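Heads up: the structure comes next, in structure tokens.
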Amino acid sequence: TTLALLTLVAWLGPEPVPLHLITEHPYELPNSLVDTARSPTVLAERITGLRRRGLARITSDSVALHRGPAARLVARTAYEHLEGAGGWVAAAVRLLRAAVPQDPGGDPTSWATWRQLLPLVLAATDPTRCLNEAAADAGWLLHHAASYLYVRGQARAAEALSRDADD
């Protein structure tokens, strides 16, 4: 399951992945990670293993995989099918959809969460990835990210995301 955790983090992109993203949404994860996410002790053991091997940058509340290994891991697992989850891209997109606030424009209290997760949303929905099995969730994420950017005064970036969502 350490490799599965590493793979999920790689698919979420190069920015730090908040650990609460994993622990608060265990049933959105591939089956191989559900027990890890539900147990703080097991998750801590996995994170310690990553730190010991020097594979990731670890803080008290986040984990980020180094860019080189992350890119290789994403390329290697691009066509893996996960029991109960589709592929890794679908798992990452589904997890983010569960975690982001539903109404980014109307609720300023949601902006901190959007600010933290937006880089992950953009990485997971990168148009260079094959998003076929996650198309509906990816489109939903991009439309909501565009709404967040629009209310934050970033109309051009919001328009670009809306176009990506519609493609």
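Numbering starts fresh at 1 for the residues of each chain in the structure tokens, the chains themselves are lettered A, B, ... in the order given, and ligands are numbered from 1 as they appear.
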Residues of stretch 21-85 of chain A within 7 Å of stretch 92-106 of chain A: nearest atom pair and distance (Å, one decimal) for each, counting only C-alpha atoms, sorted by chain and number, as CSV?
```
residue,atom,partner,partner_atom,distance
A:Leu21,CA,A:Ala99,CA,6.6
A:His25,CA,A:Leu95,CA,6.9
A:Glu28,CA,A:Leu95,CA,5.4
A:Leu29,CA,A:Leu95,CA,6.6
```
message = So that I can see what lies close to stretch 13-17 of chain A, please list as a PyMOL selection string the residues with an atom at most 10 Å from it, counting only C-alpha atoms and leaving out residues fewer than 3 positions away in the same chain.
response = chain A and resi 8-10+20-22+56-59+61-68+70-71+74+92+116-126
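The space between atom CA of A:Thr23 and atom CA of A:Ala37 spans 4.8 Å.
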Report as a PDB file with N, CA, C and O atoms, in the first residue's frame: the residues of stretch 1-118 of chain A with a DSSP assignment of strand (DSSP E), based on the backbone of this structure.
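What landed in part.pdb:
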```
ATOM      1  N   VAL A  17       0.279  17.444  -1.113  1.00  0.00           N
ATOM      2  CA  VAL A  17      -1.057  16.872  -0.962  1.00  0.00           C
ATOM      3  C   VAL A  17      -1.385  16.870   0.527  1.00  0.00           C
ATOM      4  O   VAL A  17      -0.697  16.212   1.308  1.00  0.00           O
ATOM      5  N   PRO A  18      -2.418  17.613   0.922  1.00  0.00           N
ATOM      6  CA  PRO A  18      -2.777  17.610   2.345  1.00  0.00           C
ATOM      7  C   PRO A  18      -3.230  16.215   2.770  1.00  0.00           C
ATOM      8  O   PRO A  18      -4.018  15.571   2.074  1.00  0.00           O
ATOM      9  N   ALA A  56       9.802  11.341  -0.846  1.00  0.00           N
ATOM     10  CA  ALA A  56       8.824  12.414  -0.818  1.00  0.00           C
ATOM     11  C   ALA A  56       9.234  13.480   0.182  1.00  0.00           C
ATOM     12  O   ALA A  56      10.011  13.227   1.098  1.00  0.00           O
ATOM     13  N   ARG A  57       8.685  14.668  -0.028  1.00  0.00           N
ATOM     14  CA  ARG A  57       8.836  15.756   0.945  1.00  0.00           C
ATOM     15  C   ARG A  57       7.636  15.641   1.888  1.00  0.00           C
ATOM     16  O   ARG A  57       6.487  15.664   1.449  1.00  0.00           O
ATOM     17  N   ILE A  58       7.922  15.521   3.153  1.00  0.00           N
ATOM     18  CA  ILE A  58       6.879  15.284   4.147  1.00  0.00           C
ATOM     19  C   ILE A  58       6.864  16.457   5.128  1.00  0.00           C
ATOM     20  O   ILE A  58       7.905  16.899   5.599  1.00  0.00           O
ATOM     21  N   SER A  62       1.231  17.263   5.155  1.00  0.00           N
ATOM     22  CA  SER A  62       1.190  17.060   3.704  1.00  0.00           C
ATOM     23  C   SER A  62       2.326  16.150   3.239  1.00  0.00           C
ATOM     24  O   SER A  62       3.289  15.910   3.965  1.00  0.00           O
ATOM     25  N   VAL A  63       2.167  15.678   2.009  1.00  0.00           N
ATOM     26  CA  VAL A  63       3.190  14.855   1.371  1.00  0.00           C
ATOM     27  C   VAL A  63       3.263  15.270  -0.096  1.00  0.00           C
ATOM     28  O   VAL A  63       2.239  15.534  -0.727  1.00  0.00           O
ATOM     29  N   ALA A  64       4.468  15.357  -0.613  1.00  0.00           N
ATOM     30  CA  ALA A  64       4.673  15.685  -2.026  1.00  0.00           C
ATOM     31  C   ALA A  64       5.793  14.805  -2.556  1.00  0.00           C
ATOM     32  O   ALA A  64       6.854  14.692  -1.950  1.00  0.00           O
ATOM     33  N   LEU A  65       5.545  14.182  -3.661  1.00  0.00           N
ATOM     34  CA  LEU A  65       6.522  13.318  -4.309  1.00  0.00           C
ATOM     35  C   LEU A  65       7.442  14.178  -5.165  1.00  0.00           C
ATOM     36  O   LEU A  65       6.988  15.125  -5.814  1.00  0.00           O
TER      37      LEU A  65
END
```
DSSP helix (DSSP H, G or I) selection over stretch 14-53 of chain A, as an NGL selection string = :A and (19-23 or 26-28 or 31-38 or 40-53)
Export of prior selection with N, CA and C atoms as a PDB file, in the first residue's frame:
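As written to disk, part_23.pdb reads:
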```pdb
ATOM      1  N   LEU A  19      -2.730  15.766   3.895  1.00  0.00           N
ATOM      2  CA  LEU A  19      -3.092  14.434   4.369  1.00  0.00           C
ATOM      3  C   LEU A  19      -4.583  14.319   4.669  1.00  0.00           C
ATOM      4  N   HIS A  20      -5.208  15.427   5.048  1.00  0.00           N
ATOM      5  CA  HIS A  20      -6.650  15.365   5.326  1.00  0.00           C
ATOM      6  C   HIS A  20      -7.443  15.023   4.069  1.00  0.00           C
ATOM      7  N   LEU A  21      -6.899  15.321   2.904  1.00  0.00           N
ATOM      8  CA  LEU A  21      -7.572  14.939   1.655  1.00  0.00           C
ATOM      9  C   LEU A  21      -7.750  13.426   1.608  1.00  0.00           C
ATOM     10  N   ILE A  22      -6.759  12.705   2.069  1.00  0.00           N
ATOM     11  CA  ILE A  22      -6.792  11.244   2.062  1.00  0.00           C
ATOM     12  C   ILE A  22      -7.627  10.708   3.226  1.00  0.00           C
ATOM     13  N   THR A  23      -7.425  11.257   4.409  1.00  0.00           N
ATOM     14  CA  THR A  23      -8.094  10.711   5.595  1.00  0.00           C
ATOM     15  C   THR A  23      -9.578  11.055   5.665  1.00  0.00           C
ATOM     16  N   PRO A  26     -11.851   8.421   2.663  1.00  0.00           N
ATOM     17  CA  PRO A  26     -11.266   7.099   2.403  1.00  0.00           C
ATOM     18  C   PRO A  26     -12.043   6.268   1.389  1.00  0.00           C
ATOM     19  N   TYR A  27     -13.350   6.468   1.313  1.00  0.00           N
ATOM     20  CA  TYR A  27     -14.137   5.624   0.415  1.00  0.00           C
ATOM     21  C   TYR A  27     -14.127   6.113  -1.029  1.00  0.00           C
ATOM     22  N   GLU A  28     -13.437   7.212  -1.275  1.00  0.00           N
ATOM     23  CA  GLU A  28     -13.235   7.684  -2.644  1.00  0.00           C
ATOM     24  C   GLU A  28     -11.904   7.156  -3.201  1.00  0.00           C
ATOM     25  N   ASN A  31      -9.406   0.634  -3.502  1.00  0.00           N
ATOM     26  CA  ASN A  31      -9.561  -0.328  -2.402  1.00  0.00           C
ATOM     27  C   ASN A  31      -8.271  -0.552  -1.628  1.00  0.00           C
ATOM     28  N   SER A  32      -7.138  -0.527  -2.325  1.00  0.00           N
ATOM     29  CA  SER A  32      -5.851  -0.792  -1.663  1.00  0.00           C
ATOM     30  C   SER A  32      -5.467   0.289  -0.659  1.00  0.00           C
ATOM     31  N   LEU A  33      -6.132   1.455  -0.703  1.00  0.00           N
ATOM     32  CA  LEU A  33      -5.783   2.549   0.208  1.00  0.00           C
ATOM     33  C   LEU A  33      -6.837   2.838   1.276  1.00  0.00           C
ATOM     34  N   VAL A  34      -7.976   2.209   1.208  1.00  0.00           N
ATOM     35  CA  VAL A  34      -9.057   2.520   2.152  1.00  0.00           C
ATOM     36  C   VAL A  34      -8.615   2.286   3.592  1.00  0.00           C
ATOM     37  N   ASP A  35      -8.056   1.118   3.889  1.00  0.00           N
ATOM     38  CA  ASP A  35      -7.646   0.824   5.267  1.00  0.00           C
ATOM     39  C   ASP A  35      -6.532   1.754   5.727  1.00  0.00           C
ATOM     40  N   THR A  36      -5.618   2.083   4.840  1.00  0.00           N
ATOM     41  CA  THR A  36      -4.539   3.015   5.180  1.00  0.00           C
ATOM     42  C   THR A  36      -5.120   4.371   5.551  1.00  0.00           C
ATOM     43  N   ALA A  37      -6.054   4.858   4.751  1.00  0.00           N
ATOM     44  CA  ALA A  37      -6.648   6.174   4.997  1.00  0.00           C
ATOM     45  C   ALA A  37      -7.478   6.200   6.273  1.00  0.00           C
ATOM     46  N   ARG A  38      -8.084   5.080   6.620  1.00  0.00           N
ATOM     47  CA  ARG A  38      -8.950   5.019   7.799  1.00  0.00           C
ATOM     48  C   ARG A  38      -8.167   4.859   9.097  1.00  0.00           C
ATOM     49  N   PRO A  40      -5.023   6.212  11.243  1.00  0.00           N
ATOM     50  CA  PRO A  40      -3.925   7.173  11.386  1.00  0.00           C
ATOM     51  C   PRO A  40      -2.574   6.498  11.634  1.00  0.00           C
ATOM     52  N   THR A  41      -2.580   5.380  12.346  1.00  0.00           N
ATOM     53  CA  THR A  41      -1.334   4.664  12.632  1.00  0.00           C
ATOM     54  C   THR A  41      -0.733   4.089  11.358  1.00  0.00           C
ATOM     55  N   VAL A  42      -1.553   3.446  10.556  1.00  0.00           N
ATOM     56  CA  VAL A  42      -1.060   2.846   9.314  1.00  0.00           C
ATOM     57  C   VAL A  42      -0.599   3.939   8.363  1.00  0.00           C
ATOM     58  N   LEU A  43      -1.369   5.015   8.249  1.00  0.00           N
ATOM     59  CA  LEU A  43      -0.961   6.114   7.375  1.00  0.00           C
ATOM     60  C   LEU A  43       0.370   6.697   7.837  1.00  0.00           C
ATOM     61  N   ALA A  44       0.532   6.876   9.128  1.00  0.00           N
ATOM     62  CA  ALA A  44       1.793   7.401   9.662  1.00  0.00           C
ATOM     63  C   ALA A  44       2.957   6.469   9.335  1.00  0.00           C
ATOM     64  N   GLU A  45       2.733   5.166   9.414  1.00  0.00           N
ATOM     65  CA  GLU A  45       3.780   4.195   9.055  1.00  0.00           C
ATOM     66  C   GLU A  45       4.156   4.321   7.583  1.00  0.00           C
ATOM     67  N   ARG A  46       3.161   4.462   6.723  1.00  0.00           N
ATOM     68  CA  ARG A  46       3.436   4.606   5.279  1.00  0.00           C
ATOM     69  C   ARG A  46       4.205   5.892   5.003  1.00  0.00           C
ATOM     70  N   ILE A  47       3.795   6.973   5.636  1.00  0.00           N
ATOM     71  CA  ILE A  47       4.459   8.267   5.451  1.00  0.00           C
ATOM     72  C   ILE A  47       5.889   8.194   5.967  1.00  0.00           C
ATOM     73  N   THR A  48       6.094   7.543   7.097  1.00  0.00           N
ATOM     74  CA  THR A  48       7.441   7.372   7.648  1.00  0.00           C
ATOM     75  C   THR A  48       8.318   6.584   6.684  1.00  0.00           C
ATOM     76  N   GLY A  49       7.741   5.554   6.068  1.00  0.00           N
ATOM     77  CA  GLY A  49       8.481   4.778   5.069  1.00  0.00           C
ATOM     78  C   GLY A  49       8.896   5.628   3.885  1.00  0.00           C
ATOM     79  N   LEU A  50       8.030   6.509   3.431  1.00  0.00           N
ATOM     80  CA  LEU A  50       8.376   7.407   2.323  1.00  0.00           C
ATOM     81  C   LEU A  50       9.498   8.358   2.719  1.00  0.00           C
ATOM     82  N   ARG A  51       9.405   8.891   3.937  1.00  0.00           N
ATOM     83  CA  ARG A  51      10.430   9.815   4.421  1.00  0.00           C
ATOM     84  C   ARG A  51      11.769   9.094   4.540  1.00  0.00           C
ATOM     85  N   ARG A  52      11.765   7.900   5.097  1.00  0.00           N
ATOM     86  CA  ARG A  52      12.987   7.133   5.302  1.00  0.00           C
ATOM     87  C   ARG A  52      13.694   6.833   3.983  1.00  0.00           C
ATOM     88  N   ARG A  53      12.912   6.565   2.953  1.00  0.00           N
ATOM     89  CA  ARG A  53      13.481   6.260   1.638  1.00  0.00           C
ATOM     90  C   ARG A  53      13.828   7.520   0.847  1.00  0.00           C
TER      91      ARG A  53
END
```
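Of the residues listed (A:Ala160, A:Ala75, A:Ala91, A:Leu12), A:Ala160 shows the shortest atom-to-atom separation from A:Leu142; distances use only C-alpha atoms.
Atom CA of A:Thr113 to atom CA of A:Ala146 spans 14.5 Å [interatomic distance, one decimal].
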task = Skip stretch 127-134 of chain A itself and residues of its chain fewer than 5 positions away, then list as a PyMOL selection string all residues within 9 Å of it, counting only C-alpha atoms.
result = chain A and resi 78+86-87+89-91+93-94+139+164
Please write the residues from the selection above to a file, keeping all heavy atoms, as a short mmCIF file (atom, residue, chain, number, x, y, z; two decimals), in the first residue's frame.
```cif
data_model
loop_
_atom_site.label_atom_id
_atom_site.label_comp_id
_atom_site.auth_asym_id
_atom_site.auth_seq_id
_atom_site.Cartn_x
_atom_site.Cartn_y
_atom_site.Cartn_z
N ALA A 78 -0.19 4.72 -15.98
CA ALA A 78 -1.23 5.41 -16.75
C ALA A 78 -2.36 4.48 -17.19
O ALA A 78 -3.50 4.91 -17.31
CB ALA A 78 -0.62 6.11 -17.96
N GLY A 86 -11.43 2.17 -11.25
CA GLY A 86 -11.02 2.59 -12.59
C GLY A 86 -9.51 2.73 -12.61
O GLY A 86 -8.80 1.95 -11.99
N GLY A 87 -9.03 3.76 -13.25
CA GLY A 87 -7.59 4.01 -13.29
C GLY A 87 -7.19 5.06 -12.26
O GLY A 87 -8.04 5.63 -11.56
N VAL A 89 -6.04 8.09 -12.74
CA VAL A 89 -6.56 9.43 -13.02
C VAL A 89 -7.98 9.56 -12.49
O VAL A 89 -8.35 10.59 -11.90
CB VAL A 89 -6.45 9.81 -14.51
CG1 VAL A 89 -7.41 9.02 -15.38
CG2 VAL A 89 -6.63 11.30 -14.71
N ALA A 90 -8.79 8.53 -12.67
CA ALA A 90 -10.16 8.57 -12.16
C ALA A 90 -10.17 8.63 -10.64
O ALA A 90 -10.98 9.36 -10.05
CB ALA A 90 -10.94 7.35 -12.65
N ALA A 91 -9.28 7.89 -10.00
CA ALA A 91 -9.21 7.91 -8.53
C ALA A 91 -8.85 9.30 -8.03
O ALA A 91 -9.45 9.81 -7.07
CB ALA A 91 -8.21 6.87 -8.04
N VAL A 93 -9.20 12.25 -9.60
CA VAL A 93 -10.27 13.20 -9.91
C VAL A 93 -11.45 12.99 -8.97
O VAL A 93 -12.03 13.95 -8.44
CB VAL A 93 -10.67 13.08 -11.40
CG1 VAL A 93 -11.97 13.82 -11.68
CG2 VAL A 93 -9.53 13.61 -12.28
N ARG A 94 -11.83 11.75 -8.74
CA ARG A 94 -12.96 11.45 -7.85
C ARG A 94 -12.68 11.93 -6.43
O ARG A 94 -13.55 12.50 -5.76
CB ARG A 94 -13.25 9.95 -7.88
CG ARG A 94 -14.53 9.56 -7.18
CD ARG A 94 -14.86 8.08 -7.29
NE ARG A 94 -13.74 7.21 -7.00
CZ ARG A 94 -13.03 6.54 -7.94
NH1 ARG A 94 -13.34 6.65 -9.21
NH2 ARG A 94 -12.03 5.77 -7.60
N GLY A 139 -14.82 17.47 -15.75
CA GLY A 139 -15.56 18.65 -16.21
C GLY A 139 -16.19 19.40 -15.06
O GLY A 139 -16.15 20.63 -15.00
N ASP A 164 -11.67 24.35 -21.19
CA ASP A 164 -11.14 22.99 -20.99
C ASP A 164 -12.24 22.05 -20.51
O ASP A 164 -12.30 20.89 -20.92
CB ASP A 164 -10.00 22.98 -19.97
CG ASP A 164 -8.71 23.57 -20.51
OD1 ASP A 164 -8.60 23.75 -21.75
OD2 ASP A 164 -7.80 23.84 -19.70
#
```
